[in-house]
Amino acid sequence: MAVPHILPLRAFKDNYIWVIRDHSDAAVVDPGDAAPVLDYLSREKLKLIAILNTHHHNDHVGGNAALLQEFNVPVYGPIREPISTLTHRLRECDEKENEEGNVYLPEFSITLSVLDIPGHTAGHIAYYGANLLFCGDTLFACGCGRLFEGTPQQMVQSLEKLSDLPNETQVYCGHEYTLDNIRFARVVEPGNQTLIKREKTVENLRKLNAPTLPSTIGLEKATNPFLRCNQPEVIQAASRHAGRALTDRVDVFAAIREWKDNF
Ligand code: ZN
Ligand code: FE
């Protein structure tokens, strides 16, 4: 199976719109703004073949309508969220054959399966397949999304679902937040050597104004404090911040999420 090319388009301050493309066709993930997508498509002489949305926030779906005026394409997105432009409403399904749980992109011969990952929003989904993960605002490089509509318990389960994917899975998230996230992670886990190395790598990329994505599940498991709520150093830091001894991983997660909200 030929793996298509994935690349980021910048939108707004720090959003990424991910393009999945070959020599003639392109699909986009979370087009918050149509302008950079239309520019890119015309510059590269590509035809848009699909829009994928991970959740309903406007910085991820705001460009759908304008793209649909130029291209009559399917719009995939979460069944549980209010996105008026969706043509295919998706949710995670046990049965791999079930149409509602999959997106097949015949132009690229890839199938992406849908994962329910509530927490940032109530119906947030991810797309996973062909070693690619598009996870919107749930898992960030060295961080995770804010809990706007979900509970810590839900977010922990969602992040665990993602961290169970193979280590080599390429992680494409919705924002360039990596350096800020690492600054926080370093305070939570100052002794993490992999994190120290990652900070240097990411600083160099940002000096060149280059994207720090994709990440991998393996690197996230080694450096992302929100995936490391069972690590002694993370538990200690969370307990110190909360002012009481935390033992439950959901409590540890909730404490560091709240800490990061005010960092
Ligand atoms: Zn969002
Ligand atoms: Fe966002």
# chains A, B, ... in the order shown; residues from 1 in each chain; ligands from 1
call {"tool": "select_by_dssp", "arguments": {"residues": "range 78-209 of chain A", "states": "helix (DSSP H, G or I)", "output": "PyMOL selection string"}}
result
chain A and resi 99-101+106-108+152-163+178-188+193-207
call {"tool": "residues_around", "arguments": {"residues": "range 196-204 of chain A", "least_positions_apart": "5", "cutoff": "8 Å", "atoms": "only C-alpha atoms", "output": "ChimeraX atom specification"}}
result
/A:178-179,182,186,212
call {"tool": "atom_distance", "arguments": {"atom1": "CA of Glu100 in chain A", "atom2": "CA of Ile79 in chain A"}}
result
9.0 Å
call {"tool": "closest_residue", "arguments": {"among": "A:Pro152, A:Pro166, A:Gly174, A:Pro211", "to": "ligand 1", "atoms": "only C-alpha atoms and all ligand atoms"}}
result
A:Gly174
call {"tool": "closest_residue", "arguments": {"among": "A:Leu41, A:Val156, A:Leu162, A:Val171", "to": "Val252 in chain A", "atoms": "only C-alpha atoms"}}
result
A:Val156
call {"tool": "closest_atom_pairs", "arguments": {"of": "range 77-171 of chain A", "to": "range 221-236 of chain A", "cutoff": "8 Å", "atoms": "only C-alpha atoms", "output": "Markdown table"}}
result
| residue | atom | partner | partner_atom | distance |
| --- | --- | --- | --- | --- |
| A:Ala141 | CA | A:Asn224 | CA | 7.2 |
| A:Cys142 | CA | A:Asn224 | CA | 4.1 |
| A:Gly143 | CA | A:Asn224 | CA | 5.8 |
| A:Cys144 | CA | A:Phe226 | CA | 6.8 |
| A:Leu159 | CA | A:Leu227 | CA | 6.8 |
| A:Glu160 | CA | A:Leu227 | CA | 7.3 |
| A:Ser163 | CA | A:Lys221 | CA | 6.8 |
call {"tool": "select_by_dssp", "arguments": {"residues": "range 34-239 of chain A", "states": "strand (DSSP E or B)", "output": "number ranges by chain"}}
result
A: 47-52, 75-78, 88-90, 102-105, 110-116, 125-129, 132-136, 139-140, 143-144, 170-173, 175, 215-216
call {"tool": "residues_near_ligand", "arguments": {"ligand": "ligand 1", "cutoff": "9 Å", "atoms": "only C-alpha atoms and all ligand atoms", "output": "NGL selection string"}}
result
:A and (54-60 or 120-121 or 124 or 136-138 or 145-146 or 148 or 174)
call {"tool": "write_last_selection", "arguments": {"atoms": "N, CA, C and O atoms", "output": "PDB file, in the first residue's frame"}}
result
ATOM      1  N   THR A  54     -12.355  16.472  13.441  1.00  0.00           N
ATOM      2  CA  THR A  54     -12.209  15.713  14.694  1.00  0.00           C
ATOM      3  C   THR A  54     -13.192  16.154  15.776  1.00  0.00           C
ATOM      4  O   THR A  54     -13.578  15.365  16.625  1.00  0.00           O
ATOM      5  N   HIS A  55     -13.556  17.444  15.756  1.00  0.00           N
ATOM      6  CA  HIS A  55     -14.503  17.958  16.755  1.00  0.00           C
ATOM      7  C   HIS A  55     -15.052  19.290  16.282  1.00  0.00           C
ATOM      8  O   HIS A  55     -14.612  19.826  15.262  1.00  0.00           O
ATOM      9  N   HIS A  56     -16.033  19.808  17.009  1.00  0.00           N
ATOM     10  CA  HIS A  56     -16.857  20.889  16.468  1.00  0.00           C
ATOM     11  C   HIS A  56     -16.287  22.294  16.615  1.00  0.00           C
ATOM     12  O   HIS A  56     -16.893  23.243  16.112  1.00  0.00           O
ATOM     13  N   HIS A  57     -15.169  22.476  17.284  1.00  0.00           N
ATOM     14  CA  HIS A  57     -14.664  23.838  17.489  1.00  0.00           C
ATOM     15  C   HIS A  57     -14.385  24.525  16.147  1.00  0.00           C
ATOM     16  O   HIS A  57     -13.880  23.916  15.208  1.00  0.00           O
ATOM     17  N   ASN A  58     -14.686  25.826  16.136  1.00  0.00           N
ATOM     18  CA  ASN A  58     -14.635  26.563  14.877  1.00  0.00           C
ATOM     19  C   ASN A  58     -13.245  26.607  14.256  1.00  0.00           C
ATOM     20  O   ASN A  58     -13.116  26.669  13.032  1.00  0.00           O
ATOM     21  N   ASP A  59     -12.216  26.575  15.086  1.00  0.00           N
ATOM     22  CA  ASP A  59     -10.862  26.587  14.514  1.00  0.00           C
ATOM     23  C   ASP A  59     -10.519  25.256  13.830  1.00  0.00           C
ATOM     24  O   ASP A  59      -9.433  25.100  13.282  1.00  0.00           O
ATOM     25  N   HIS A  60     -11.472  24.307  13.845  1.00  0.00           N
ATOM     26  CA  HIS A  60     -11.274  23.017  13.164  1.00  0.00           C
ATOM     27  C   HIS A  60     -12.286  22.770  12.046  1.00  0.00           C
ATOM     28  O   HIS A  60     -12.054  21.926  11.189  1.00  0.00           O
ATOM     29  N   HIS A 120     -11.875  16.693  25.609  1.00  0.00           N
ATOM     30  CA  HIS A 120     -11.769  18.099  25.165  1.00  0.00           C
ATOM     31  C   HIS A 120     -13.162  18.584  24.768  1.00  0.00           C
ATOM     32  O   HIS A 120     -13.606  19.645  25.206  1.00  0.00           O
ATOM     33  N   THR A 121     -13.828  17.807  23.923  1.00  0.00           N
ATOM     34  CA  THR A 121     -15.264  18.004  23.661  1.00  0.00           C
ATOM     35  C   THR A 121     -15.960  16.666  23.888  1.00  0.00           C
ATOM     36  O   THR A 121     -15.307  15.620  23.955  1.00  0.00           O
ATOM     37  N   HIS A 124     -15.604  14.197  20.645  1.00  0.00           N
ATOM     38  CA  HIS A 124     -14.340  14.247  19.890  1.00  0.00           C
ATOM     39  C   HIS A 124     -13.964  12.857  19.364  1.00  0.00           C
ATOM     40  O   HIS A 124     -14.025  11.880  20.095  1.00  0.00           O
ATOM     41  N   GLY A 136      -6.709  15.727  16.582  1.00  0.00           N
ATOM     42  CA  GLY A 136      -7.321  17.011  16.896  1.00  0.00           C
ATOM     43  C   GLY A 136      -6.735  17.656  18.127  1.00  0.00           C
ATOM     44  O   GLY A 136      -5.517  17.836  18.231  1.00  0.00           O
ATOM     45  N   ASP A 137      -7.601  18.001  19.068  1.00  0.00           N
ATOM     46  CA  ASP A 137      -7.165  18.686  20.285  1.00  0.00           C
ATOM     47  C   ASP A 137      -7.222  17.775  21.515  1.00  0.00           C
ATOM     48  O   ASP A 137      -7.431  18.236  22.632  1.00  0.00           O
ATOM     49  N   THR A 138      -7.036  16.471  21.320  1.00  0.00           N
ATOM     50  CA  THR A 138      -7.053  15.562  22.471  1.00  0.00           C
ATOM     51  C   THR A 138      -5.635  15.290  22.957  1.00  0.00           C
ATOM     52  O   THR A 138      -5.278  15.649  24.078  1.00  0.00           O
ATOM     53  N   GLY A 145      -5.424  18.293  25.384  1.00  0.00           N
ATOM     54  CA  GLY A 145      -6.392  19.370  25.281  1.00  0.00           C
ATOM     55  C   GLY A 145      -7.017  19.722  26.625  1.00  0.00           C
ATOM     56  O   GLY A 145      -7.021  18.912  27.558  1.00  0.00           O
ATOM     57  N   ARG A 146      -7.531  20.940  26.691  1.00  0.00           N
ATOM     58  CA  ARG A 146      -8.278  21.339  27.890  1.00  0.00           C
ATOM     59  C   ARG A 146      -9.597  20.590  27.945  1.00  0.00           C
ATOM     60  O   ARG A 146     -10.144  20.208  26.921  1.00  0.00           O
ATOM     61  N   PHE A 148     -12.983  20.983  28.042  1.00  0.00           N
ATOM     62  CA  PHE A 148     -14.092  21.921  27.875  1.00  0.00           C
ATOM     63  C   PHE A 148     -15.436  21.258  28.143  1.00  0.00           C
ATOM     64  O   PHE A 148     -16.349  21.861  28.682  1.00  0.00           O
ATOM     65  N   GLY A 174      -3.692  19.062  16.367  1.00  0.00           N
ATOM     66  CA  GLY A 174      -4.300  20.246  15.775  1.00  0.00           C
ATOM     67  C   GLY A 174      -3.592  21.569  16.011  1.00  0.00           C
ATOM     68  O   GLY A 174      -3.953  22.572  15.392  1.00  0.00           O
TER      69      GLY A 174
END
call {"tool": "residues_around", "arguments": {"residues": "Leu165 in chain A", "least_positions_apart": "3", "cutoff": "12 Å", "atoms": "only C-alpha atoms", "output": "PyMOL selection string"}}
result
chain A and resi 115+127-133+158-162+168-171+216-218+220-221
call {"tool": "write_last_selection", "arguments": {"atoms": "N, CA and C atoms", "output": "compact mmCIF listing (two decimals), in the first residue's frame"}}
result
# COMPACT_ATOMS: atom_id res chain seq x y z
N LEU A 115 -11.90 6.53 16.31
CA LEU A 115 -11.79 6.27 17.75
C LEU A 115 -12.56 7.35 18.49
N TYR A 127 -8.89 9.80 13.98
CA TYR A 127 -8.81 8.92 12.81
C TYR A 127 -7.47 8.21 12.88
N TYR A 128 -7.54 6.89 12.78
CA TYR A 128 -6.31 6.09 12.89
C TYR A 128 -6.26 5.04 11.79
N GLY A 129 -5.13 4.95 11.12
CA GLY A 129 -4.91 3.89 10.12
C GLY A 129 -3.64 4.18 9.35
N ALA A 130 -3.09 3.15 8.72
CA ALA A 130 -1.88 3.30 7.91
C ALA A 130 -0.75 3.97 8.71
N ASN A 131 -0.70 3.66 10.01
CA ASN A 131 0.34 4.20 10.90
C ASN A 131 0.19 5.70 11.18
N LEU A 132 -0.98 6.26 10.87
CA LEU A 132 -1.23 7.68 11.06
C LEU A 132 -2.32 7.86 12.11
N LEU A 133 -2.17 8.90 12.94
CA LEU A 133 -3.21 9.25 13.90
C LEU A 133 -3.48 10.75 13.80
N SER A 158 -9.53 8.28 27.16
CA SER A 158 -9.24 8.61 25.76
C SER A 158 -7.73 8.58 25.49
N LEU A 159 -6.96 9.17 26.42
CA LEU A 159 -5.50 9.20 26.23
C LEU A 159 -4.92 7.79 26.33
N GLU A 160 -5.50 6.96 27.18
CA GLU A 160 -5.01 5.57 27.29
C GLU A 160 -5.31 4.81 26.00
N LYS A 161 -6.45 5.09 25.40
CA LYS A 161 -6.79 4.44 24.13
C LYS A 161 -5.74 4.81 23.07
N LEU A 162 -5.35 6.07 23.04
CA LEU A 162 -4.35 6.50 22.06
C LEU A 162 -2.97 5.95 22.39
N GLU A 168 5.20 3.31 16.99
CA GLU A 168 5.67 4.01 15.78
C GLU A 168 4.57 4.84 15.12
N THR A 169 3.35 4.80 15.66
CA THR A 169 2.25 5.59 15.09
C THR A 169 2.62 7.07 15.02
N GLN A 170 2.43 7.67 13.85
CA GLN A 170 2.73 9.09 13.65
C GLN A 170 1.54 9.91 14.15
N VAL A 171 1.83 10.85 15.05
CA VAL A 171 0.77 11.60 15.72
C VAL A 171 0.67 13.01 15.12
N THR A 216 5.36 10.80 17.76
CA THR A 216 4.99 9.38 17.72
C THR A 216 4.41 8.99 19.08
N ILE A 217 3.64 7.93 19.08
CA ILE A 217 3.09 7.44 20.35
C ILE A 217 4.22 7.05 21.30
N GLY A 218 5.28 6.46 20.77
CA GLY A 218 6.41 6.06 21.62
C GLY A 218 7.03 7.26 22.31
N GLU A 220 5.61 10.19 22.85
CA GLU A 220 4.64 10.74 23.81
C GLU A 220 4.65 9.95 25.11
N LYS A 221 4.68 8.63 25.00
CA LYS A 221 4.68 7.81 26.23
C LYS A 221 5.92 8.08 27.07
call {"tool": "residues_around", "arguments": {"residues": "Phe184 in chain A", "least_positions_apart": "3", "cutoff": "8 Å", "atoms": "only C-alpha atoms", "output": "MDAnalysis selection string"}}
result
chainID A and resid 180:181 187:188 260 263
call {"tool": "decode", "arguments": {"residues": "range 6-26 of chain A", "atoms": "C-alpha atoms", "output": "PDB file, in the first residue's frame"}}
result
ATOM      1  CA  ILE A   6       1.086  14.219   4.835  1.00  0.00           C
ATOM      2  CA  LEU A   7       1.867  17.893   5.339  1.00  0.00           C
ATOM      3  CA  PRO A   8       0.688  20.788   7.501  1.00  0.00           C
ATOM      4  CA  LEU A   9      -0.944  24.038   6.460  1.00  0.00           C
ATOM      5  CA  ARG A  10      -0.836  26.788   9.044  1.00  0.00           C
ATOM      6  CA  ALA A  11      -4.005  28.580  10.052  1.00  0.00           C
ATOM      7  CA  PHE A  12      -4.740  31.297  12.609  1.00  0.00           C
ATOM      8  CA  LYS A  13      -2.089  31.636  15.303  1.00  0.00           C
ATOM      9  CA  ASP A  14      -1.029  28.040  15.831  1.00  0.00           C
ATOM     10  CA  ASN A  15      -3.488  25.666  14.141  1.00  0.00           C
ATOM     11  CA  TYR A  16      -2.439  22.971  11.717  1.00  0.00           C
ATOM     12  CA  ILE A  17      -4.686  21.796   8.915  1.00  0.00           C
ATOM     13  CA  TRP A  18      -3.306  18.415   7.832  1.00  0.00           C
ATOM     14  CA  VAL A  19      -3.284  17.570   4.147  1.00  0.00           C
ATOM     15  CA  ILE A  20      -3.220  13.966   2.961  1.00  0.00           C
ATOM     16  CA  ARG A  21      -2.188  14.035  -0.693  1.00  0.00           C
ATOM     17  CA  ASP A  22      -0.759  12.259  -3.684  1.00  0.00           C
ATOM     18  CA  HIS A  23       0.097  13.725  -7.102  1.00  0.00           C
ATOM     19  CA  SER A  24      -3.495  14.728  -7.938  1.00  0.00           C
ATOM     20  CA  ASP A  25      -5.825  14.492  -4.930  1.00  0.00           C
ATOM     21  CA  ALA A  26      -5.960  15.807  -1.389  1.00  0.00           C
TER      22      ALA A  26
END
